[in-house]
Amino acid sequence: MAINLSGRSFLKLLDFSSEEIRYLLDVSKEFKKLKLTNTPHKYLEGKNIALLFEKTSTRTRCSFEVAGYDLGMGVTFLDPGSSQMGKKESIADTARVLGRLYDGIEYRGFSQELVEEMAEKAGVPVWNGLTDDFHPTQMLADLLTIEENFGYLKGLNFTFMGDARNNVANSLMVACAKMGLNFTCCGPKELFPKEELVKECEKIAKENGCTVRCTDNVEEGTKNAHVIYTDIWVSMGEPDEIWESRTKLLSPYQVNKKVMNNAHKDAIFLHCLPSFHNLDTTIGKEVHEKFGFKEMEVTDEVFESKQSKVFDEAENRMHTIKAVMYATLK
Ligand code: CP
Ligand code: NVA
């Protein structure tokens, strides 16, 4: 049956079938070709979108903006400092107002419930640009990057190292289970993903002929992995006080040369970014002064190595977000 996502919101990958995710990846590839050959594709001319950010962003915001312009749409960016959202007006009321003015709404915020509520109230497609629980548009870019490197997805071994219950790790577990990659989360037991989500993903993985496992053993967890992925140790919205305990808990799970050498010989390194791989950031410097780390979740050596595909991955955010907007608005 032909895939039709018109009018749907994009809130989490659990809401989408493997075939629908496949379709979005294929549409992304087409858009990437059009962009790289400078072929105009203003397929959504006359439509307008609003981008709402309650947390900061570089990649997600810029990807939505550029993708919107390329598709011929008008784009409005709103952050908490320049709108009534949250302070004087509830998310439900904001959604109902914006739904009258715009054809689609991107929302980056805190709880998953808020983006779900926005989608329920807006009456137009809502796209989740990251919540505390999930980061679904990131997943499409990650899957596309993996497929570009290996030519296929099914059967690859994928290892996430570090804070395995954050939004990116949760989403990766779902993405791998849906698309047939064997998922391993490798981190301290305290930060394993929620049991309920692991169980749900195990069920999905079984249907797709792959596996889900959690381990605190680095050698075991990274052995023969085709993809090694990590994310920052403290996510947006978490308190600053947590840095001390997190650095202690997560430093054994840093992605370094030893980890990459233990992985598959063709392994690639991915990271959603931003990353603390040197001392060129304010937070990186502060953490160095307080706790002595010069690099955190990944060493500069791995980040800058040939195995690292992080900037292809970042570029793919735009092509994949374009596919999501096109598929849901056309
Ligand atoms: N990966 C990602 O979402 O980056 P931003 O926070 O810069 O949008
Ligand atoms: N886990 C990170 C992802 C940033 C793209 C955060 O939420 O800050």
# chains A, B, ... in the order shown; residues from 1 in each chain; ligands from 1

$ residues_around --residues "Gly292 in chain A" --least-positions-apart "2" --cutoff "12 Å" --atoms "only C-alpha atoms" --output "PyMOL selection string"
chain A and resi 244+247-248+251+279+284-290+294-296

$ write_last_selection --atoms "all heavy atoms" --output "compact mmCIF listing (two decimals), in the first residue's frame"
# COMPACT_ATOMS: atom_id res chain seq x y z
N GLU A 244 28.94 16.87 38.50
CA GLU A 244 29.94 16.13 39.28
C GLU A 244 29.65 14.62 39.27
O GLU A 244 30.52 13.80 38.95
CB GLU A 244 30.00 16.66 40.71
CG GLU A 244 31.11 16.00 41.50
CD GLU A 244 31.41 16.69 42.82
OE1 GLU A 244 30.64 17.59 43.22
OE2 GLU A 244 32.42 16.32 43.43
N THR A 247 29.97 13.09 35.59
CA THR A 247 31.33 12.89 35.07
C THR A 247 31.92 11.62 35.70
O THR A 247 32.58 10.84 35.02
CB THR A 247 32.24 14.10 35.32
OG1 THR A 247 32.08 14.52 36.67
CG2 THR A 247 31.92 15.26 34.40
N LYS A 248 31.62 11.43 36.99
CA LYS A 248 32.13 10.22 37.68
C LYS A 248 31.52 8.96 37.08
O LYS A 248 32.20 8.00 36.75
CB LYS A 248 31.77 10.27 39.17
CG LYS A 248 32.77 11.04 40.00
CD LYS A 248 32.68 10.65 41.47
CE LYS A 248 33.47 11.67 42.28
NZ LYS A 248 32.59 12.62 43.01
N SER A 251 32.50 8.78 32.87
CA SER A 251 33.85 8.80 32.28
C SER A 251 34.34 7.42 31.83
O SER A 251 35.04 7.32 30.81
CB SER A 251 34.86 9.50 33.19
OG SER A 251 34.85 8.93 34.45
N LEU A 279 38.48 21.86 24.65
CA LEU A 279 38.21 22.91 25.64
C LEU A 279 37.75 24.21 24.97
O LEU A 279 37.88 25.29 25.54
CB LEU A 279 39.47 23.17 26.49
CG LEU A 279 39.88 22.00 27.39
CD1 LEU A 279 41.14 22.32 28.17
CD2 LEU A 279 38.75 21.66 28.36
N GLY A 284 32.78 23.36 28.55
CA GLY A 284 33.95 22.48 28.52
C GLY A 284 35.05 22.99 29.43
O GLY A 284 35.65 22.22 30.21
N LYS A 285 35.28 24.30 29.38
CA LYS A 285 36.34 24.90 30.23
C LYS A 285 35.96 24.82 31.71
O LYS A 285 36.79 24.50 32.56
CB LYS A 285 36.52 26.38 29.84
CG LYS A 285 37.32 26.57 28.58
CD LYS A 285 37.75 28.04 28.45
CE LYS A 285 38.33 28.30 27.07
NZ LYS A 285 37.36 28.82 26.11
N GLU A 286 34.69 25.10 32.02
CA GLU A 286 34.24 25.06 33.42
C GLU A 286 34.40 23.66 34.00
O GLU A 286 34.87 23.48 35.12
CB GLU A 286 32.76 25.46 33.51
CG GLU A 286 32.55 26.96 33.50
CD GLU A 286 31.06 27.32 33.33
OE1 GLU A 286 30.17 26.45 33.53
OE2 GLU A 286 30.82 28.48 32.97
N VAL A 287 33.98 22.67 33.21
CA VAL A 287 34.06 21.28 33.69
C VAL A 287 35.53 20.89 33.86
O VAL A 287 35.90 20.21 34.82
CB VAL A 287 33.32 20.32 32.72
CG1 VAL A 287 33.59 18.86 33.07
CG2 VAL A 287 31.83 20.59 32.74
N HIS A 288 36.38 21.38 32.98
CA HIS A 288 37.81 21.10 33.10
C HIS A 288 38.37 21.69 34.40
O HIS A 288 39.08 21.01 35.15
CB HIS A 288 38.55 21.68 31.89
CG HIS A 288 40.03 21.51 31.96
ND1 HIS A 288 40.92 22.55 31.87
CD2 HIS A 288 40.78 20.39 32.17
CE1 HIS A 288 42.15 22.10 32.00
NE2 HIS A 288 42.11 20.79 32.16
N GLU A 289 37.99 22.95 34.66
CA GLU A 289 38.49 23.60 35.89
C GLU A 289 38.01 22.88 37.14
O GLU A 289 38.76 22.68 38.09
CB GLU A 289 38.05 25.07 35.94
CG GLU A 289 39.00 25.98 35.17
CD GLU A 289 38.35 27.26 34.71
OE1 GLU A 289 37.39 27.73 35.38
OE2 GLU A 289 38.78 27.80 33.66
N LYS A 290 36.75 22.47 37.12
CA LYS A 290 36.18 21.84 38.33
C LYS A 290 36.59 20.38 38.50
O LYS A 290 36.88 19.93 39.60
CB LYS A 290 34.64 21.90 38.28
CG LYS A 290 34.09 23.27 38.62
CD LYS A 290 32.58 23.16 38.80
CE LYS A 290 31.98 24.53 38.86
NZ LYS A 290 30.65 24.61 38.29
N LYS A 294 39.58 17.10 30.10
CA LYS A 294 39.92 17.94 28.94
C LYS A 294 38.97 17.66 27.78
O LYS A 294 38.81 18.45 26.85
CB LYS A 294 41.34 17.62 28.47
CG LYS A 294 42.39 18.37 29.24
CD LYS A 294 43.70 18.31 28.47
CE LYS A 294 44.79 19.03 29.18
NZ LYS A 294 46.07 18.34 29.11
N GLU A 295 38.44 16.48 27.75
CA GLU A 295 37.47 16.05 26.74
C GLU A 295 36.49 15.16 27.50
O GLU A 295 36.88 14.54 28.48
CB GLU A 295 38.18 15.30 25.59
CG GLU A 295 39.36 14.47 26.06
CD GLU A 295 40.35 14.05 24.98
OE1 GLU A 295 40.34 14.60 23.87
OE2 GLU A 295 41.12 13.13 25.28
N MET A 296 35.28 15.12 27.05
CA MET A 296 34.30 14.36 27.84
C MET A 296 33.82 13.10 27.13
O MET A 296 34.53 12.12 27.09
CB MET A 296 33.16 15.27 28.26
CG MET A 296 33.60 16.24 29.34
SD MET A 296 32.21 17.09 30.07
CE MET A 296 32.46 18.72 29.42

$ residues_near_ligand --ligand "ligand 2" --cutoff "12 Å" --atoms "only C-alpha atoms and all ligand atoms" --output "ChimeraX atom specification"
/A:54-61,108-111,129-139,162-172,230-239,271-276,297,314,317

$ residues_around --residues "range 33-41 of chain A" --least-positions-apart "2" --cutoff "9 Å" --atoms "only C-alpha atoms" --output "list in words"
Ser28, Lys29, Glu30, Phe31, Tyr43, Leu44, Asp70, Leu71, Gly72 and His319 of chain A

$ residues_around --residues "Ala67 in chain A" --least-positions-apart "5" --cutoff "8 Å" --atoms "only C-alpha atoms" --output "MDAnalysis selection string"
chainID A and resid 318:319 321:322

$ write_last_selection --atoms "all heavy atoms" --output "CSV table (one decimal), in the first residue's frame"
chain,number,residue,atom,x,y,z
A,318,MET,N,19.0,18.4,7.9
A,318,MET,CA,18.2,19.3,7.0
A,318,MET,C,17.4,18.5,6.0
A,318,MET,O,16.2,18.7,5.8
A,318,MET,CB,19.1,20.3,6.3
A,318,MET,CG,18.5,21.5,5.8
A,318,MET,SD,17.7,21.2,4.2
A,318,MET,CE,19.2,21.2,3.2
A,319,HIS,N,18.1,17.5,5.3
A,319,HIS,CA,17.4,16.8,4.3
A,319,HIS,C,16.3,15.9,4.8
A,319,HIS,O,15.2,15.8,4.2
A,319,HIS,CB,18.4,15.8,3.6
A,319,HIS,CG,19.6,16.5,3.0
A,319,HIS,ND1,19.5,17.5,2.1
A,319,HIS,CD2,21.0,16.4,3.3
A,319,HIS,CE1,20.8,18.0,1.8
A,319,HIS,NE2,21.6,17.3,2.5
A,321,ILE,N,14.6,16.5,7.8
A,321,ILE,CA,13.5,17.4,8.3
A,321,ILE,C,12.7,17.8,7.1
A,321,ILE,O,11.5,17.9,7.2
A,321,ILE,CB,14.1,18.5,9.1
A,321,ILE,CG1,14.5,18.0,10.5
A,321,ILE,CG2,13.2,19.7,9.2
A,321,ILE,CD1,15.2,18.9,11.4
A,322,LYS,N,13.3,18.1,6.0
A,322,LYS,CA,12.6,18.5,4.8
A,322,LYS,C,11.6,17.4,4.4
A,322,LYS,O,10.5,17.7,4.0
A,322,LYS,CB,13.6,18.8,3.7
A,322,LYS,CG,13.1,19.6,2.5
A,322,LYS,CD,14.1,19.8,1.4
A,322,LYS,CE,15.0,20.9,1.7
A,322,LYS,NZ,16.1,21.1,0.7

$ residues_around --residues "Lys178 in chain A" --least-positions-apart "4" --cutoff "12 Å" --atoms "only C-alpha atoms" --output "NGL selection string"
:A and (13-22 or 139-140 or 143 or 153-155 or 171-174 or 182-183 or 200-212)

$ residues_around --residues "Glu313 in chain A" --least-positions-apart "6" --cutoff "7 Å" --atoms "only C-alpha atoms" --output "mmCIF file with all heavy atoms, in the first residue's frame"
data_model
loop_
_atom_site.group_PDB
_atom_site.id
_atom_site.type_symbol
_atom_site.label_atom_id
_atom_site.label_comp_id
_atom_site.auth_asym_id
_atom_site.auth_seq_id
_atom_site.Cartn_x
_atom_site.Cartn_y
_atom_site.Cartn_z
ATOM 1 N N ALA A 141 18.098 11.479 10.521
ATOM 2 C CA ALA A 141 19.431 11.872 10.045
ATOM 3 C C ALA A 141 20.452 10.778 10.391
ATOM 4 O O ALA A 141 21.341 10.466 9.590
ATOM 5 C CB ALA A 141 19.834 13.191 10.683
ATOM 6 N N ASP A 142 20.312 10.186 11.564
ATOM 7 C CA ASP A 142 21.259 9.151 11.986
ATOM 8 C C ASP A 142 21.126 7.905 11.101
ATOM 9 O O ASP A 142 22.123 7.352 10.634
ATOM 10 C CB ASP A 142 21.026 8.797 13.462
ATOM 11 C CG ASP A 142 21.238 10.002 14.370
ATOM 12 O OD1 ASP A 142 21.856 10.987 13.918
ATOM 13 O OD2 ASP A 142 20.772 9.971 15.518
ATOM 14 N N THR A 145 22.531 8.568 7.653
ATOM 15 C CA THR A 145 24.000 8.579 7.654
ATOM 16 C C THR A 145 24.553 7.151 7.724
ATOM 17 O O THR A 145 25.534 6.819 7.037
ATOM 18 C CB THR A 145 24.524 9.417 8.851
ATOM 19 O OG1 THR A 145 23.823 10.659 8.875
ATOM 20 C CG2 THR A 145 26.010 9.676 8.726
#

$ residues_around --residues "range 89-104 of chain A" --least-positions-apart "6" --cutoff "12 Å" --atoms "only C-alpha atoms" --output "MDAnalysis selection string"
chainID A and resid 6:10 44:52 54 64 68 73:76 78 80 83 110:111 113:128 324:330

$ closest_residue --among "A:Ala263, A:Leu270, A:Ala323, A:Ile146" --to "ligand 1" --atoms "only C-alpha atoms and all ligand atoms"
A:Leu270

$ closest_residue --among "A:Asp26, A:Glu315, A:Asp300, A:Glu190" --to "ligand 1" --atoms "only C-alpha atoms and all ligand atoms"
A:Glu315

$ select_by_dssp --residues "range 114-262 of chain A" --states "strand (DSSP E or B)" --output "count of residues only"
22
